[in-house]
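Engineer: Sharing structure-v2.pdb here; it has PDB, C-alpha atoms and all ligand atoms.
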```
ATOM      1  CA  MET A   1       0.000   0.000   0.000
ATOM      2  CA  SER A   2       1.232   3.471  -0.729
ATOM      3  CA  GLN A   3       1.835   5.914   2.092
ATOM      4  CA  PRO A   4       2.401   9.248   0.374
ATOM      5  CA  SER A   5       3.456  11.203   3.477
ATOM      6  CA  THR A   6       6.066   8.673   4.633
ATOM      7  CA  GLN A   7       7.386   8.355   1.109
ATOM      8  CA  MET A   8       7.641  12.145   0.880
ATOM      9  CA  GLU A   9       9.620  12.197   4.123
ATOM     10  CA  GLN A  10      11.955   9.523   2.828
ATOM     11  CA  PHE A  11      12.402  11.485  -0.393
ATOM     12  CA  ARG A  12      13.144  14.729   1.478
ATOM     13  CA  SER A  13      15.707  13.103   3.741
ATOM     14  CA  TRP A  14      17.306  11.278   0.789
ATOM     15  CA  LEU A  15      17.761  14.642  -0.966
ATOM     16  CA  ALA A  16      19.011  16.346   2.196
ATOM     17  CA  GLU A  17      21.576  13.620   2.923
ATOM     18  CA  ARG A  18      23.077  14.210  -0.493
ATOM     19  CA  GLY A  19      22.956  17.953  -0.319
ATOM     20  CA  LEU A  20      20.333  18.147  -3.060
ATOM     21  CA  LYS A  21      17.741  20.880  -2.957
ATOM     22  CA  VAL A  22      14.146  20.156  -2.010
ATOM     23  CA  THR A  23      12.430  22.443  -4.508
ATOM     24  CA  ARG A  24       8.698  23.044  -4.860
ATOM     25  CA  GLN A  25       8.881  21.519  -8.331
ATOM     26  CA  ARG A  26      10.535  18.322  -7.101
ATOM     27  CA  GLU A  27       8.028  18.091  -4.268
ATOM     28  CA  ALA A  28       5.066  18.541  -6.616
ATOM     29  CA  ILE A  29       6.370  15.809  -8.911
ATOM     30  CA  ALA A  30       7.044  13.392  -6.049
ATOM     31  CA  GLU A  31       3.633  14.065  -4.474
ATOM     32  CA  VAL A  32       1.796  13.437  -7.720
ATOM     33  CA  PHE A  33       3.865  10.334  -8.304
ATOM     34  CA  PHE A  34       3.345   8.802  -4.847
ATOM     35  CA  GLY A  35      -0.352   9.651  -4.977
ATOM     36  CA  SER A  36      -0.827   7.950  -8.336
ATOM     37  CA  GLY A  37      -1.571   4.342  -9.079
ATOM     38  CA  GLY A  38       1.795   4.020 -10.803
ATOM     39  CA  HIS A  39       2.825   3.077 -14.353
ATOM     40  CA  LEU A  40       2.993   6.708 -15.436
ATOM     41  CA  SER A  41       5.170   8.009 -18.251
ATOM     42  CA  LEU A  42       7.185  11.217 -17.917
ATOM     43  CA  GLU A  43       4.633  13.020 -20.085
ATOM     44  CA  GLU A  44       1.770  11.903 -17.856
ATOM     45  CA  LEU A  45       3.667  12.903 -14.711
ATOM     46  CA  LEU A  46       4.419  16.292 -16.247
ATOM     47  CA  GLU A  47       0.723  16.909 -16.943
ATOM     48  CA  LEU A  48      -0.257  15.999 -13.373
ATOM     49  CA  ALA A  49       2.591  17.914 -11.738
ATOM     50  CA  LYS A  50       1.741  21.041 -13.730
ATOM     51  CA  GLU A  51      -1.701  21.077 -12.129
ATOM     52  CA  GLN A  52       0.026  21.453  -8.748
ATOM     53  CA  GLN A  53       2.950  23.580  -9.844
ATOM     54  CA  PRO A  54       2.611  25.227 -13.271
ATOM     55  CA  SER A  55       6.340  26.046 -13.409
ATOM     56  CA  VAL A  56       7.302  22.370 -13.656
ATOM     57  CA  GLY A  57       9.042  21.466 -16.917
ATOM     58  CA  TYR A  58       9.901  18.208 -18.632
ATOM     59  CA  ALA A  59      13.600  18.316 -17.670
ATOM     60  CA  THR A  60      12.723  18.639 -13.988
ATOM     61  CA  VAL A  61      10.322  15.707 -14.197
ATOM     62  CA  TYR A  62      13.032  13.673 -15.921
ATOM     63  CA  ARG A  63      15.684  14.489 -13.311
ATOM     64  CA  THR A  64      13.348  14.065 -10.360
ATOM     65  CA  MET A  65      12.243  10.638 -11.537
ATOM     66  CA  LYS A  66      15.882   9.603 -12.021
ATOM     67  CA  ILE A  67      16.573  10.705  -8.441
ATOM     68  CA  LEU A  68      13.524   8.801  -7.177
ATOM     69  CA  ALA A  69      14.633   5.680  -9.031
ATOM     70  CA  GLU A  70      18.162   6.026  -7.644
ATOM     71  CA  SER A  71      16.804   6.396  -4.121
ATOM     72  CA  GLY A  72      14.852   3.168  -4.509
ATOM     73  CA  LEU A  73      11.489   4.915  -4.007
ATOM     74  CA  ALA A  74      10.514   4.464  -7.657
ATOM     75  CA  SER A  75      11.021   1.678 -10.118
ATOM     76  CA  GLU A  76      11.385   2.122 -13.843
ATOM     77  CA  HIS A  77       9.653  -0.133 -16.310
ATOM     78  CA  LYS A  78      10.038  -0.150 -20.013
ATOM     79  CA  PHE A  79       7.119  -2.004 -21.538
ATOM     80  CA  ALA A  80       6.886  -2.987 -25.189
ATOM     81  CA  GLU A  81       5.163   0.278 -26.202
ATOM     82  CA  GLY A  82       8.518   1.940 -25.551
ATOM     83  CA  ASN A  83       7.827   4.630 -22.936
ATOM     84  CA  VAL A  84       9.623   4.399 -19.627
ATOM     85  CA  ARG A  85       6.994   4.231 -16.898
ATOM     86  CA  TYR A  86       7.416   4.751 -13.189
ATOM     87  CA  GLU A  87       5.749   3.244 -10.185
ATOM     88  CA  PRO A  88       6.332   3.680  -6.469
ATOM     89  CA  SER A  89       8.346   0.799  -5.075
ATOM     90  CA  VAL A  90       7.751  -0.486  -1.593
ATOM     91  CA  GLU A  91      10.356  -2.626   0.120
ATOM     92  CA  GLY A  92       9.324  -6.248   0.336
ATOM     93  CA  GLU A  93       6.465  -5.830  -2.129
ATOM     94  CA  HIS A  94       6.518  -7.402  -5.527
ATOM     95  CA  HIS A  95       4.133  -7.735  -8.444
ATOM     96  CA  ASP A  96       4.248  -8.466 -12.142
ATOM     97  CA  HIS A  97       2.365  -6.921 -15.044
ATOM     98  CA  LEU A  98      -0.252  -7.722 -17.659
ATOM     99  CA  ILE A  99      -0.417  -5.292 -20.569
ATOM    100  CA  CYS A 100      -3.109  -4.868 -23.221
ATOM    101  CA  VAL A 101      -1.364  -4.375 -26.566
ATOM    102  CA  THR A 102      -4.416  -2.613 -27.986
ATOM    103  CA  CYS A 103      -5.400   0.002 -25.401
ATOM    104  CA  GLY A 104      -2.225   0.006 -23.309
ATOM    105  CA  LYS A 105      -3.971  -0.819 -20.036
ATOM    106  CA  ILE A 106      -1.520  -2.110 -17.419
ATOM    107  CA  LEU A 107      -2.688  -4.490 -14.719
ATOM    108  CA  GLU A 108      -0.777  -5.986 -11.823
ATOM    109  CA  TYR A 109      -0.757  -9.500 -10.519
ATOM    110  CA  GLU A 110       0.883 -11.528  -7.814
ATOM    111  CA  ASP A 111       0.827 -15.280  -7.947
ATOM    112  CA  GLU A 112       2.646 -17.514  -5.501
ATOM    113  CA  ARG A 113       2.700 -20.389  -7.982
ATOM    114  CA  VAL A 114       4.408 -18.290 -10.651
ATOM    115  CA  GLU A 115       6.954 -17.064  -8.097
ATOM    116  CA  ARG A 116       7.668 -20.613  -6.922
ATOM    117  CA  LEU A 117       7.824 -22.033 -10.417
ATOM    118  CA  GLN A 118      10.414 -19.546 -11.558
ATOM    119  CA  GLU A 119      12.594 -20.264  -8.501
ATOM    120  CA  GLU A 120      12.414 -23.882  -9.555
ATOM    121  CA  VAL A 121      13.234 -23.160 -13.199
ATOM    122  CA  ALA A 122      16.173 -20.975 -12.187
ATOM    123  CA  ARG A 123      17.486 -23.619  -9.779
ATOM    124  CA  LYS A 124      17.317 -26.261 -12.491
ATOM    125  CA  HIS A 125      19.519 -24.041 -14.619
ATOM    126  CA  GLY A 126      21.955 -23.414 -11.809
ATOM    127  CA  LEU A 127      20.826 -19.855 -11.078
ATOM    128  CA  ARG A 128      19.818 -18.256  -7.825
ATOM    129  CA  VAL A 129      17.097 -15.659  -8.438
ATOM    130  CA  VAL A 130      18.057 -12.115  -7.510
ATOM    131  CA  SER A 131      15.215 -10.379  -9.283
ATOM    132  CA  HIS A 132      12.881 -11.040 -12.137
ATOM    133  CA  ARG A 133      10.414  -9.286 -14.348
ATOM    134  CA  HIS A 134       7.338 -10.808 -15.912
ATOM    135  CA  GLU A 135       5.275  -9.086 -18.527
ATOM    136  CA  ILE A 136       2.301 -10.753 -20.137
ATOM    137  CA  TYR A 137       1.009  -9.081 -23.304
ATOM    138  CA  GLY A 138      -2.530  -9.638 -24.502
ATOM    139  CA  GLU A 139      -5.794  -7.989 -25.419
ATOM    140  CA  CYS A 140      -8.374  -7.197 -22.795
ATOM    141  CA  VAL A 141     -11.486  -9.302 -23.044
ATOM    142  CA  ARG A 142     -13.343  -8.325 -19.877
ATOM    143  CA  PRO A 143     -14.407  -5.568 -20.035
ATOM    144  CA  ALA A 144     -14.034  -5.472 -23.789
ATOM    145  CA  CYS A 145     -11.041  -3.457 -24.884
ATOM    146  CA  PRO A 146     -12.190   0.114 -25.649
ATOM    147  CA  ASP A 147      -9.692   0.425 -28.480
ATOM    148  CA  ARG A 148     -10.332  -2.824 -30.298
ATOM    149  CA  PRO A 149     -11.678  -2.227 -33.819
ATOM    150  CA  PRO A 150     -15.271  -3.479 -34.227
ATOM    151  CA  GLY A 151     -15.598  -7.036 -35.486
ATOM    152  CA  ARG A 152     -12.174  -8.066 -34.313
ATOM    153  CA  HIS A 153     -12.112 -10.789 -31.716
ATOM    154  CA  ALA A 154      -9.774 -11.295 -28.815
ATOM    155  CA  ASN A 155      -8.582 -14.595 -30.298
ATOM    156  CA  GLY A 156      -6.735 -12.629 -32.930
ATOM    157  CA  ASP A 157      -8.793 -13.041 -36.122
TER     158      ASP A 157
HETATM  159 ZN    ZN B   1       3.045  -2.231 -11.312
HETATM  160 ZN    ZN B   2      -7.375  -3.155 -24.039
END
```
Please, can you express the file's structure as structure tokens?
Ligand SMILES: [Zn+2]
Ligand SMILES: [Zn+2]
Structural biologist:
Amino acid sequence: MSQPSTQMEQFRSWLAERGLKVTRQREAIAEVFFGSGGHLSLEELLELAKEQQPSVGYATVYRTMKILAESGLASEHKFAEGNVRYEPSVEGEHHDHLICVTCGKILEYEDERVERLQEEVARKHGLRVVSHRHEIYGECVRPACPDRPPGRHANGD
């Protein structure tokens, strides 16, 4: 679960420890980011941050998100569509993603069996798992994908 205020405090102290400035722009970006459901691109974060702080520019969003990723408070994902997307990362929490290739919707899942199975697969190949990333690409069926052209079915024909 996200705890925006605690995350903001962690962000502020991370900046302070490194002698980096806590600017209103950086704060607005971090607040919007921690308050979001995640998976946002830089462009989307810029739009949202501008509502709080109109002076925010793209370069500041870019740098702030790099800082957040470096601090471990954000994780970067590059899905097949190509945009880098950011989501808050919480220590000890893990999930994987399902992505609709038609409308771009991103869903999250956690499945013990998948986690266990990949440990097993890695072990068989002589690898100890340090981290992993699963992305399942498909087309949403329920509710029907808003972007699917009429007459086209989810089974691909
Ligand atoms: Zn996610
Ligand atoms: Zn869809």
Engineer: Distance CA of Tyr62 in chain A-CA of Glu9 in chain A, one decimal place?
Structural biologist: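 CA of Glu9 in chain A lies at a distance of 20.4 Å from CA of Tyr62 in chain A.
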Engineer: Hey, which residues sit close to ligand ZN 1 (chain B)? Say within 7 Å, counting all atoms listed in the file, and write them as a ChimeraX atom specification.
Structural biologist: /A:38-39,87,95-97,108
Engineer: Write out, as an mmCIF file, keeping the file's coordinate frame, the residues just selected, with C-alpha atoms.
Structural biologist:
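Once everything was written out, this is again.cif:
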```
data_model
loop_
_atom_site.group_PDB
_atom_site.id
_atom_site.type_symbol
_atom_site.label_atom_id
_atom_site.label_comp_id
_atom_site.auth_asym_id
_atom_site.auth_seq_id
_atom_site.Cartn_x
_atom_site.Cartn_y
_atom_site.Cartn_z
ATOM 1 C CA GLY A 38 1.795 4.020 -10.803
ATOM 2 C CA HIS A 39 2.825 3.077 -14.353
ATOM 3 C CA GLU A 87 5.749 3.244 -10.185
ATOM 4 C CA HIS A 95 4.133 -7.735 -8.444
ATOM 5 C CA ASP A 96 4.248 -8.466 -12.142
ATOM 6 C CA HIS A 97 2.365 -6.921 -15.044
ATOM 7 C CA GLU A 108 -0.777 -5.986 -11.823
#
```
Engineer: For Glu27 in chain A, work out the shell of residues within 10 Å, counting all atoms listed in the file and skipping chain neighbours fewer than 2 positions away, then give it as a PyMOL selection string.
Structural biologist: chain A and resi 8+11-12+22-25+29-33+49+52-53+64
Engineer: Show me which residues sit within 6 Å of ligand ZN 2 (chain B) when counting all atoms listed in the file, and put them as a ChimeraX atom specification.
Structural biologist: /A:100,102-103,105,139-140,145
Engineer: Have a look at CA of Gly35 in chain A and CA of Pro54 in chain A and let me know their distance in Å, one decimal.
Structural biologist: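 So the two atoms, CA of Gly35 in chain A and CA of Pro54 in chain A, lie 17.9 Å apart.
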Engineer: Is it possible to add N, CA, C and O atoms to range 50-76 of chain A and hand it back as a PDB file, in the frame of the given file?
Structural biologist:
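That gives us rebuild16.pdb:
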```pdb
ATOM      1  N   LYS A  50       2.051  19.659 -13.324  1.00  0.00           N
ATOM      2  CA  LYS A  50       1.741  21.041 -13.730  1.00  0.00           C
ATOM      3  C   LYS A  50       0.467  21.573 -13.072  1.00  0.00           C
ATOM      4  O   LYS A  50       0.341  22.766 -12.846  1.00  0.00           O
ATOM      5  N   GLU A  51      -0.470  20.656 -12.808  1.00  0.00           N
ATOM      6  CA  GLU A  51      -1.701  21.077 -12.129  1.00  0.00           C
ATOM      7  C   GLU A  51      -1.396  21.586 -10.723  1.00  0.00           C
ATOM      8  O   GLU A  51      -2.102  22.443 -10.195  1.00  0.00           O
ATOM      9  N   GLN A  52      -0.359  21.028 -10.094  1.00  0.00           N
ATOM     10  CA  GLN A  52       0.026  21.453  -8.748  1.00  0.00           C
ATOM     11  C   GLN A  52       0.954  22.658  -8.811  1.00  0.00           C
ATOM     12  O   GLN A  52       0.901  23.545  -7.972  1.00  0.00           O
ATOM     13  N   GLN A  53       1.844  22.620  -9.784  1.00  0.00           N
ATOM     14  CA  GLN A  53       2.950  23.580  -9.844  1.00  0.00           C
ATOM     15  C   GLN A  53       3.213  23.894 -11.321  1.00  0.00           C
ATOM     16  O   GLN A  53       3.948  23.182 -11.988  1.00  0.00           O
ATOM     17  N   PRO A  54       2.542  24.959 -11.828  1.00  0.00           N
ATOM     18  CA  PRO A  54       2.611  25.227 -13.271  1.00  0.00           C
ATOM     19  C   PRO A  54       4.027  25.454 -13.816  1.00  0.00           C
ATOM     20  O   PRO A  54       4.250  25.304 -15.020  1.00  0.00           O
ATOM     21  N   SER A  55       4.979  25.762 -12.934  1.00  0.00           N
ATOM     22  CA  SER A  55       6.340  26.046 -13.409  1.00  0.00           C
ATOM     23  C   SER A  55       7.164  24.785 -13.682  1.00  0.00           C
ATOM     24  O   SER A  55       8.308  24.860 -14.092  1.00  0.00           O
ATOM     25  N   VAL A  56       6.572  23.618 -13.432  1.00  0.00           N
ATOM     26  CA  VAL A  56       7.302  22.370 -13.656  1.00  0.00           C
ATOM     27  C   VAL A  56       7.519  22.146 -15.148  1.00  0.00           C
ATOM     28  O   VAL A  56       6.610  22.334 -15.959  1.00  0.00           O
ATOM     29  N   GLY A  57       8.740  21.764 -15.517  1.00  0.00           N
ATOM     30  CA  GLY A  57       9.042  21.466 -16.917  1.00  0.00           C
ATOM     31  C   GLY A  57       9.480  20.020 -17.080  1.00  0.00           C
ATOM     32  O   GLY A  57       9.751  19.320 -16.093  1.00  0.00           O
ATOM     33  N   TYR A  58       9.572  19.599 -18.321  1.00  0.00           N
ATOM     34  CA  TYR A  58       9.901  18.208 -18.632  1.00  0.00           C
ATOM     35  C   TYR A  58      11.249  17.785 -18.039  1.00  0.00           C
ATOM     36  O   TYR A  58      11.376  16.702 -17.458  1.00  0.00           O
ATOM     37  N   ALA A  59      12.256  18.660 -18.151  1.00  0.00           N
ATOM     38  CA  ALA A  59      13.600  18.316 -17.670  1.00  0.00           C
ATOM     39  C   ALA A  59      13.601  18.049 -16.164  1.00  0.00           C
ATOM     40  O   ALA A  59      14.303  17.158 -15.685  1.00  0.00           O
ATOM     41  N   THR A  60      12.804  18.831 -15.437  1.00  0.00           N
ATOM     42  CA  THR A  60      12.723  18.639 -13.988  1.00  0.00           C
ATOM     43  C   THR A  60      12.038  17.318 -13.648  1.00  0.00           C
ATOM     44  O   THR A  60      12.444  16.610 -12.733  1.00  0.00           O
ATOM     45  N   VAL A  61      10.998  16.992 -14.413  1.00  0.00           N
ATOM     46  CA  VAL A  61      10.322  15.707 -14.197  1.00  0.00           C
ATOM     47  C   VAL A  61      11.316  14.575 -14.462  1.00  0.00           C
ATOM     48  O   VAL A  61      11.458  13.653 -13.659  1.00  0.00           O
ATOM     49  N   TYR A  62      12.038  14.683 -15.548  1.00  0.00           N
ATOM     50  CA  TYR A  62      13.032  13.673 -15.921  1.00  0.00           C
ATOM     51  C   TYR A  62      14.056  13.486 -14.802  1.00  0.00           C
ATOM     52  O   TYR A  62      14.297  12.377 -14.340  1.00  0.00           O
ATOM     53  N   ARG A  63      14.645  14.585 -14.345  1.00  0.00           N
ATOM     54  CA  ARG A  63      15.684  14.489 -13.311  1.00  0.00           C
ATOM     55  C   ARG A  63      15.132  13.983 -11.987  1.00  0.00           C
ATOM     56  O   ARG A  63      15.764  13.178 -11.306  1.00  0.00           O
ATOM     57  N   THR A  64      13.931  14.481 -11.636  1.00  0.00           N
ATOM     58  CA  THR A  64      13.348  14.065 -10.360  1.00  0.00           C
ATOM     59  C   THR A  64      13.041  12.568 -10.366  1.00  0.00           C
ATOM     60  O   THR A  64      13.292  11.874  -9.377  1.00  0.00           O
ATOM     61  N   MET A  65      12.549  12.064 -11.478  1.00  0.00           N
ATOM     62  CA  MET A  65      12.243  10.638 -11.537  1.00  0.00           C
ATOM     63  C   MET A  65      13.517   9.801 -11.513  1.00  0.00           C
ATOM     64  O   MET A  65      13.538   8.710 -10.948  1.00  0.00           O
ATOM     65  N   LYS A  66      14.593  10.309 -12.101  1.00  0.00           N
ATOM     66  CA  LYS A  66      15.882   9.603 -12.021  1.00  0.00           C
ATOM     67  C   LYS A  66      16.354   9.534 -10.563  1.00  0.00           C
ATOM     68  O   LYS A  66      16.857   8.517 -10.112  1.00  0.00           O
ATOM     69  N   ILE A  67      16.191  10.660  -9.856  1.00  0.00           N
ATOM     70  CA  ILE A  67      16.573  10.705  -8.441  1.00  0.00           C
ATOM     71  C   ILE A  67      15.727   9.718  -7.633  1.00  0.00           C
ATOM     72  O   ILE A  67      16.237   8.960  -6.811  1.00  0.00           O
ATOM     73  N   LEU A  68      14.419   9.715  -7.898  1.00  0.00           N
ATOM     74  CA  LEU A  68      13.524   8.801  -7.177  1.00  0.00           C
ATOM     75  C   LEU A  68      13.885   7.342  -7.446  1.00  0.00           C
ATOM     76  O   LEU A  68      13.833   6.506  -6.550  1.00  0.00           O
ATOM     77  N   ALA A  69      14.261   7.054  -8.689  1.00  0.00           N
ATOM     78  CA  ALA A  69      14.633   5.680  -9.031  1.00  0.00           C
ATOM     79  C   ALA A  69      15.946   5.314  -8.327  1.00  0.00           C
ATOM     80  O   ALA A  69      16.082   4.217  -7.781  1.00  0.00           O
ATOM     81  N   GLU A  70      16.882   6.263  -8.298  1.00  0.00           N
ATOM     82  CA  GLU A  70      18.162   6.026  -7.644  1.00  0.00           C
ATOM     83  C   GLU A  70      17.990   5.799  -6.142  1.00  0.00           C
ATOM     84  O   GLU A  70      18.696   4.985  -5.542  1.00  0.00           O
ATOM     85  N   SER A  71      17.034   6.510  -5.563  1.00  0.00           N
ATOM     86  CA  SER A  71      16.804   6.396  -4.121  1.00  0.00           C
ATOM     87  C   SER A  71      16.082   5.101  -3.765  1.00  0.00           C
ATOM     88  O   SER A  71      15.965   4.757  -2.598  1.00  0.00           O
ATOM     89  N   GLY A  72      15.571   4.412  -4.769  1.00  0.00           N
ATOM     90  CA  GLY A  72      14.852   3.168  -4.509  1.00  0.00           C
ATOM     91  C   GLY A  72      13.368   3.383  -4.233  1.00  0.00           C
ATOM     92  O   GLY A  72      12.628   2.440  -3.987  1.00  0.00           O
ATOM     93  N   LEU A  73      12.900   4.636  -4.284  1.00  0.00           N
ATOM     94  CA  LEU A  73      11.489   4.915  -4.007  1.00  0.00           C
ATOM     95  C   LEU A  73      10.613   4.746  -5.245  1.00  0.00           C
ATOM     96  O   LEU A  73       9.394   4.721  -5.163  1.00  0.00           O
ATOM     97  N   ALA A  74      11.258   4.668  -6.411  1.00  0.00           N
ATOM     98  CA  ALA A  74      10.514   4.464  -7.657  1.00  0.00           C
ATOM     99  C   ALA A  74      11.180   3.348  -8.438  1.00  0.00           C
ATOM    100  O   ALA A  74      12.388   3.163  -8.343  1.00  0.00           O
ATOM    101  N   SER A  75      10.389   2.606  -9.188  1.00  0.00           N
ATOM    102  CA  SER A  75      11.021   1.678 -10.118  1.00  0.00           C
ATOM    103  C   SER A  75      10.614   2.020 -11.541  1.00  0.00           C
ATOM    104  O   SER A  75       9.516   2.495 -11.802  1.00  0.00           O
ATOM    105  N   GLU A  76      11.568   1.802 -12.426  1.00  0.00           N
ATOM    106  CA  GLU A  76      11.385   2.122 -13.843  1.00  0.00           C
ATOM    107  C   GLU A  76      10.991   0.874 -14.590  1.00  0.00           C
ATOM    108  O   GLU A  76      11.593  -0.176 -14.394  1.00  0.00           O
TER     109      GLU A  76
END
```
